[in-house]
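> Sharing a structure with you now.
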Amino acid sequence: MADSAADDATSCSTAAGQSIPAAGELWDQFGRRITYLRLSLTEHCNFRCQYCSPASGTPFFDYADHLRAEEIELVLRSFHALGLQHLRFTGGEPLIHPQLLRYVQFARELQIGKLSLSTNGYLLDRLAEPLAAAGLNSINISLDTLDAETFARVTRGGRLQRVLQGIDCARAAGIPRIKLNVVLLRRVNAHSLPELVEYALARHLDIRFIETMPLGSAGIASQDTEFFSAQAARASIEAKVGKLIPVASSRDQGPARLYTLAGAGSRIGFITPLSNNFCASCNRVRLTATGRLVYCLGQEAGLELRPLLRGGASVEELSAAITAGVWRDKPERHLFTVDRGRSSKIFMMRLGG
Ligand code: SAM
Ligand code: SF4
């Protein structure tokens, strides 16, 4: 069934006449090697954050459409064959997925170098230890505010105390790297960013501030009222906690610009999808829980892998389809801009962040 994809793999060429890269590596047409997969396990979530989810929760949730365990494992084998170096589990909320530990163990057995996970932290009290034992290297925990009422409002019902307890459990379990992710929201947390930095510093955790992207309910209308730039965030933090010192770039920093404070071990990062485009160094693709390979957060292009998986594709056929798709369709950059907008109707909880 994937003969045509395999054919594509040998026939695609760039405007410059280069042919598609050799098997074993995944490249796009813009000279970027893709080594990072963000794998969404579910579109469902136990929170409904205003910038990520519809107020009613996900209407898309249907188990029959979600990839099954053996399909996910085939996808992982295929990406592994294409030189995957970093796998992140995301969602929706990955901790509510009953097979999460199985997948972490499977990825560990495949010897994928870095295994990370993004979570709202709510279920870490019971899952931090098993995740550490399964070989998770790194965890990002979303935390937009330290005020319980504001937290409940932004997450539409989440309990802050339980998330803070989850963060403590992740530390106690010894997960090697723990990062806090804060989405910058003018009316929600712009005034309280230094508190979040101090919370992270006191626990030797890294923290990253992310400009809100115009997806789903965080579309252009709310963008006008909520957008708060990373530059403004940095100024507000420096005014309270002191000068931020740039950290020399490291291979695993991704799109974040990293800083530290004199005498502190924590790194403070800013992710600027809108105010400062970082697509030139993009090394990632995403897979939705229903099996759509998404090449870019801010563009529609994608490839449905589920029909291939359910049609009995082998690792080689799937790898060939992925190779051809990424080469042909991964766009050079997203199209979000601060002033002109361009929002997407797709909710972030489908895309996995
Ligand atoms: N449920 C997990 C969590 O909250 O971390 C994983 C999925 S969530 C979609 C992944 C990341 O995307 C989170 O850090 C979240 O804050 C971020 N996110 C969601 N919607 C966003 C938006 N509109 N703009 C920027 N970041 C967003
Ligand atoms: Fe759920 Fe995470 Fe989206 Fe919040 S940001 S609704 S916790 S998926």
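In the structure tokens, chains take letters A, B, ... by order of appearance, with residues numbered from 1 within each chain and ligands from 1 in the order shown.
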Please return, as a PyMOL selection string, all residues of region 230-329 of chain A that DSSP assigns to strand (DSSP E) on the basis of the backbone.

chain A and resi 245-246+257-260+268-271+284-287+292-294+302-304

> Once you have the residues from the selection above, write them out as a JSON list (two decimals), in the first residue's frame, restricted to N, CA, C and O atoms.


```json
[["chain", "number", "residue", "atom", "x", "y", "z"],
["A", 245, "ILE", "N", 21.04, 36.90, 33.21],
["A", 245, "ILE", "CA", 22.31, 36.72, 32.49],
["A", 245, "ILE", "C", 22.10, 35.67, 31.40],
["A", 245, "ILE", "O", 21.69, 34.53, 31.70],
["A", 246, "PRO", "N", 22.38, 36.00, 30.13],
["A", 246, "PRO", "CA", 22.17, 35.02, 29.06],
["A", 246, "PRO", "C", 23.05, 33.78, 29.27],
["A", 246, "PRO", "O", 24.18, 33.88, 29.72],
["A", 257, "ARG", "N", 15.03, 31.09, 24.63],
["A", 257, "ARG", "CA", 16.23, 31.89, 24.93],
["A", 257, "ARG", "C", 16.42, 31.79, 26.43],
["A", 257, "ARG", "O", 15.51, 32.13, 27.19],
["A", 258, "LEU", "N", 17.62, 31.36, 26.82],
["A", 258, "LEU", "CA", 17.82, 31.01, 28.23],
["A", 258, "LEU", "C", 18.66, 32.03, 28.98],
["A", 258, "LEU", "O", 19.62, 32.58, 28.44],
["A", 259, "TYR", "N", 18.27, 32.22, 30.25],
["A", 259, "TYR", "CA", 18.99, 33.15, 31.13],
["A", 259, "TYR", "C", 19.12, 32.47, 32.48],
["A", 259, "TYR", "O", 18.45, 31.49, 32.79],
["A", 260, "THR", "N", 19.99, 33.07, 33.31],
["A", 260, "THR", "CA", 20.03, 32.64, 34.69],
["A", 260, "THR", "C", 20.22, 33.90, 35.56],
["A", 260, "THR", "O", 20.32, 35.01, 35.04],
["A", 268, "ILE", "N", 16.09, 30.31, 33.22],
["A", 268, "ILE", "CA", 14.84, 31.02, 32.97],
["A", 268, "ILE", "C", 14.76, 31.23, 31.46],
["A", 268, "ILE", "O", 15.65, 31.85, 30.88],
["A", 269, "GLY", "N", 13.73, 30.65, 30.83],
["A", 269, "GLY", "CA", 13.67, 30.69, 29.36],
["A", 269, "GLY", "C", 12.47, 31.48, 28.87],
["A", 269, "GLY", "O", 11.45, 31.61, 29.56],
["A", 270, "PHE", "N", 12.62, 32.00, 27.66],
["A", 270, "PHE", "CA", 11.52, 32.72, 27.01],
["A", 270, "PHE", "C", 11.32, 32.14, 25.62],
["A", 270, "PHE", "O", 12.28, 31.99, 24.87],
["A", 271, "ILE", "N", 10.09, 31.79, 25.33],
["A", 271, "ILE", "CA", 9.78, 31.20, 24.02],
["A", 271, "ILE", "C", 8.90, 32.20, 23.27],
["A", 271, "ILE", "O", 7.83, 32.59, 23.75],
["A", 284, "ARG", "N", 11.40, 19.56, 14.79],
["A", 284, "ARG", "CA", 10.33, 18.74, 15.34],
["A", 284, "ARG", "C", 9.15, 18.53, 14.40],
["A", 284, "ARG", "O", 8.89, 19.34, 13.53],
["A", 285, "VAL", "N", 8.43, 17.45, 14.64],
["A", 285, "VAL", "CA", 7.10, 17.26, 14.07],
["A", 285, "VAL", "C", 6.21, 16.75, 15.20],
["A", 285, "VAL", "O", 6.71, 16.36, 16.27],
["A", 286, "ARG", "N", 4.91, 16.77, 14.95],
["A", 286, "ARG", "CA", 3.95, 16.34, 15.97],
["A", 286, "ARG", "C", 3.08, 15.23, 15.42],
["A", 286, "ARG", "O", 2.79, 15.20, 14.22],
["A", 287, "LEU", "N", 2.64, 14.35, 16.31],
["A", 287, "LEU", "CA", 1.65, 13.35, 15.91],
["A", 287, "LEU", "C", 0.45, 13.49, 16.83],
["A", 287, "LEU", "O", 0.59, 13.42, 18.06],
["A", 292, "ARG", "N", -2.56, 11.97, 13.01],
["A", 292, "ARG", "CA", -2.19, 12.93, 11.97],
["A", 292, "ARG", "C", -0.79, 13.47, 12.27],
["A", 292, "ARG", "O", -0.53, 13.99, 13.35],
["A", 293, "LEU", "N", 0.09, 13.33, 11.31],
["A", 293, "LEU", "CA", 1.44, 13.88, 11.45],
["A", 293, "LEU", "C", 1.36, 15.36, 11.07],
["A", 293, "LEU", "O", 0.96, 15.69, 9.95],
["A", 294, "VAL", "N", 1.68, 16.22, 12.01],
["A", 294, "VAL", "CA", 1.54, 17.66, 11.81],
["A", 294, "VAL", "C", 2.95, 18.24, 11.71],
["A", 294, "VAL", "O", 3.78, 18.05, 12.60],
["A", 302, "GLY", "N", -0.36, 18.36, 6.75],
["A", 302, "GLY", "CA", -0.16, 17.19, 7.60],
["A", 302, "GLY", "C", -0.37, 15.92, 6.80],
["A", 302, "GLY", "O", -0.70, 15.96, 5.61],
["A", 303, "LEU", "N", -0.16, 14.81, 7.45],
["A", 303, "LEU", "CA", -0.30, 13.52, 6.78],
["A", 303, "LEU", "C", -1.01, 12.55, 7.72],
["A", 303, "LEU", "O", -0.57, 12.37, 8.86],
["A", 304, "GLU", "N", -2.11, 11.96, 7.25],
["A", 304, "GLU", "CA", -2.85, 11.01, 8.09],
["A", 304, "GLU", "C", -2.13, 9.66, 8.06],
["A", 304, "GLU", "O", -2.08, 9.00, 7.02]]
```

> Return as a tab-separated table the residues of chain A lying at most 6 Å from ligand 1, together with the closest atom-to-atom pair for each and the distance in Å to one decimal, counting only C-alpha atoms and all ligand atoms, with rows in chain order and ascending residue number.


```
residue	atom	partner	partner_atom_place_in_ligand_line	distance
A:Tyr51	CA	ligand 1	23 (N)	4.6
A:Cys52	CA	ligand 1	20 (N)	3.9
A:Thr90	CA	ligand 1	6 (C)	4.7
A:Gly91	CA	ligand 1	7 (C)	4.4
A:Gly92	CA	ligand 1	1 (N)	4.9
A:Glu93	CA	ligand 1	1 (N)	3.9
A:Ser118	CA	ligand 1	5 (O)	4.4
A:Thr119	CA	ligand 1	2 (C)	3.7
A:Asn120	CA	ligand 1	4 (O)	4.1
A:Ile141	CA	ligand 1	5 (O)	5.5
A:Ser142	CA	ligand 1	5 (O)	4.7
A:Asn181	CA	ligand 1	14 (O)	5.1
A:Val183	CA	ligand 1	16 (O)	5.3
A:Ile210	CA	ligand 1	25 (C)	5.9
A:Glu211	CA	ligand 1	25 (C)	5.8
A:Thr212	CA	ligand 1	24 (N)	3.5
A:Met213	CA	ligand 1	24 (N)	3.7
A:Pro214	CA	ligand 1	23 (N)	5.6
A:Leu215	CA	ligand 1	23 (N)	5.2
A:Ala218	CA	ligand 1	23 (N)	5.2
A:Met348	CA	ligand 1	20 (N)	4.8
A:Met349	CA	ligand 1	9 (C)	4.4
A:Gly352	CA	ligand 1	9 (C)	4.3
A:Gly353	CA	ligand 1	12 (O)	3.6
```

> Take the residues from that selection and put them in a file with C-alpha atoms, as a PDB file, in the first residue's frame.


```
ATOM      1  CA  TYR A  51      -6.104  29.326  25.878  1.00  0.00           C
ATOM      2  CA  CYS A  52      -6.032  25.641  24.952  1.00  0.00           C
ATOM      3  CA  THR A  90       1.907  15.209  25.423  1.00  0.00           C
ATOM      4  CA  GLY A  91      -1.831  15.663  24.898  1.00  0.00           C
ATOM      5  CA  GLY A  92      -4.449  16.679  26.033  1.00  0.00           C
ATOM      6  CA  GLU A  93      -3.234  15.368  29.328  1.00  0.00           C
ATOM      7  CA  SER A 118       4.401  17.664  29.259  1.00  0.00           C
ATOM      8  CA  THR A 119       1.705  17.584  31.917  1.00  0.00           C
ATOM      9  CA  ASN A 120      -0.573  19.762  33.977  1.00  0.00           C
ATOM     10  CA  ILE A 141       4.743  21.011  34.237  1.00  0.00           C
ATOM     11  CA  SER A 142       2.341  23.798  33.306  1.00  0.00           C
ATOM     12  CA  ASN A 181       5.911  26.168  31.694  1.00  0.00           C
ATOM     13  CA  VAL A 183       1.863  30.815  29.268  1.00  0.00           C
ATOM     14  CA  ILE A 210       5.723  31.143  26.492  1.00  0.00           C
ATOM     15  CA  GLU A 211       3.955  33.755  24.404  1.00  0.00           C
ATOM     16  CA  THR A 212       0.363  32.699  23.916  1.00  0.00           C
ATOM     17  CA  MET A 213      -0.317  31.497  20.392  1.00  0.00           C
ATOM     18  CA  PRO A 214      -3.523  32.292  18.493  1.00  0.00           C
ATOM     19  CA  LEU A 215      -5.033  28.828  18.366  1.00  0.00           C
ATOM     20  CA  ALA A 218      -6.821  31.854  22.186  1.00  0.00           C
ATOM     21  CA  MET A 348      -3.871  23.384  21.144  1.00  0.00           C
ATOM     22  CA  MET A 349      -5.136  20.349  23.066  1.00  0.00           C
ATOM     23  CA  GLY A 352      -0.020  18.822  21.949  1.00  0.00           C
ATOM     24  CA  GLY A 353       1.668  22.203  22.404  1.00  0.00           C
TER      25      GLY A 353
END
```

> One number please: CA of Leu100 (chain A) to CA of Leu84 (chain A), in Å, one decimal.

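Atom-to-atom, CA of Leu100 (chain A) to CA of Leu84 (chain A), that is 18.9 Å.
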
> For Glu73 (chain A), work out the shell of residues within 12 Å, counting only C-alpha atoms and skipping chain neighbours fewer than 6 positions away, then give it as a PyMOL selection string.

chain A and resi 39+41+67+79-80+99-100+102-110+309+314-315+318

> Applying 12 Å and only C-alpha atoms, which residues near Ala232 (chain A) remain after dropping the ones on its own chain fewer than 4 positions away? List them as a count of residues only.

18

> So the first atom is CA of Arg126 (chain A) and the second is CA of Gln165 (chain A); what is the distance between them in Å, to one decimal place?

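Calculated distance between CA of Arg126 (chain A) and CA of Gln165 (chain A) is 10.6 Å.
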
> Taking only region 111-196 of chain A into account, list the residues labelled alpha helix (DSSP H) by DSSP (computed from the backbone), as a PyMOL selection string.

chain A and resi 124-134+148-154+160-173+193-196

> One number please: atom 8 (S, counted along the ligand's line) of ligand 2 to CA of Glu226 (chain A), in Å, one decimal.

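Between atom 8 (S, counted along the ligand's line) of ligand 2 and CA of Glu226 (chain A) the gap is 18.7 Å.
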
> Counting only C-alpha atoms and all ligand atoms, figure out which residue out of A:Gly174, A:Leu351, A:His86, A:Gly298 gets nearest to ligand 2.

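Under the stated criterion, the closest residue is A:Leu351.
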
> Between A:Arg328, A:Arg68, A:Arg156, A:Arg32, which one has atoms that come closest to ligand 2, using only C-alpha atoms and all ligand atoms?

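Ranking A:Arg328, A:Arg68, A:Arg156, A:Arg32 by distance to ligand 2, first place goes to A:Arg156.
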
> Of the residues A:Ala128, A:Leu74, A:Ala148, A:Leu160, which is the one nearest to ligand 2, using only C-alpha atoms and all ligand atoms?

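Residue with the minimum atom-to-atom distance to ligand 2: A:Leu160.
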
> Residues within 9 Å of Ala133 (chain A), please, as a compact mmCIF listing (two decimals) with all heavy atoms, in the first residue's frame. Count only C-alpha atoms; anything in the same chain fewer than 4 positions from it doesn't count.


```
# COMPACT_ATOMS: atom_id res chain seq x y z
N ALA A 128 4.46 10.10 39.35
CA ALA A 128 5.85 10.57 39.25
C ALA A 128 6.84 9.43 39.44
O ALA A 128 7.78 9.26 38.66
CB ALA A 128 6.10 11.69 40.26
N GLU A 129 6.62 8.62 40.46
CA GLU A 129 7.58 7.53 40.74
C GLU A 129 7.64 6.50 39.64
O GLU A 129 8.72 6.16 39.15
CB GLU A 129 7.26 6.87 42.07
CG GLU A 129 7.99 7.57 43.18
CD GLU A 129 7.99 6.77 44.46
OE1 GLU A 129 7.92 5.53 44.39
OE2 GLU A 129 8.06 7.41 45.51
N ALA A 173 10.63 12.09 43.33
CA ALA A 173 10.84 10.85 42.54
C ALA A 173 12.19 10.87 41.83
O ALA A 173 12.62 9.85 41.30
CB ALA A 173 9.72 10.69 41.52
N ILE A 175 13.05 12.67 39.05
CA ILE A 175 13.05 12.86 37.59
C ILE A 175 14.15 13.89 37.30
O ILE A 175 14.17 14.98 37.89
CB ILE A 175 11.67 13.34 37.10
CG1 ILE A 175 10.65 12.22 37.35
CG2 ILE A 175 11.72 13.72 35.62
CD1 ILE A 175 9.22 12.55 37.04
```

> For ligand 2, which residue among A:Pro130, A:Pro54, A:Gly113, A:Pro255 is the nearest when counting only C-alpha atoms and all ligand atoms?

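Nearest candidate to ligand 2 out of A:Pro130, A:Pro54, A:Gly113, A:Pro255: A:Pro54.
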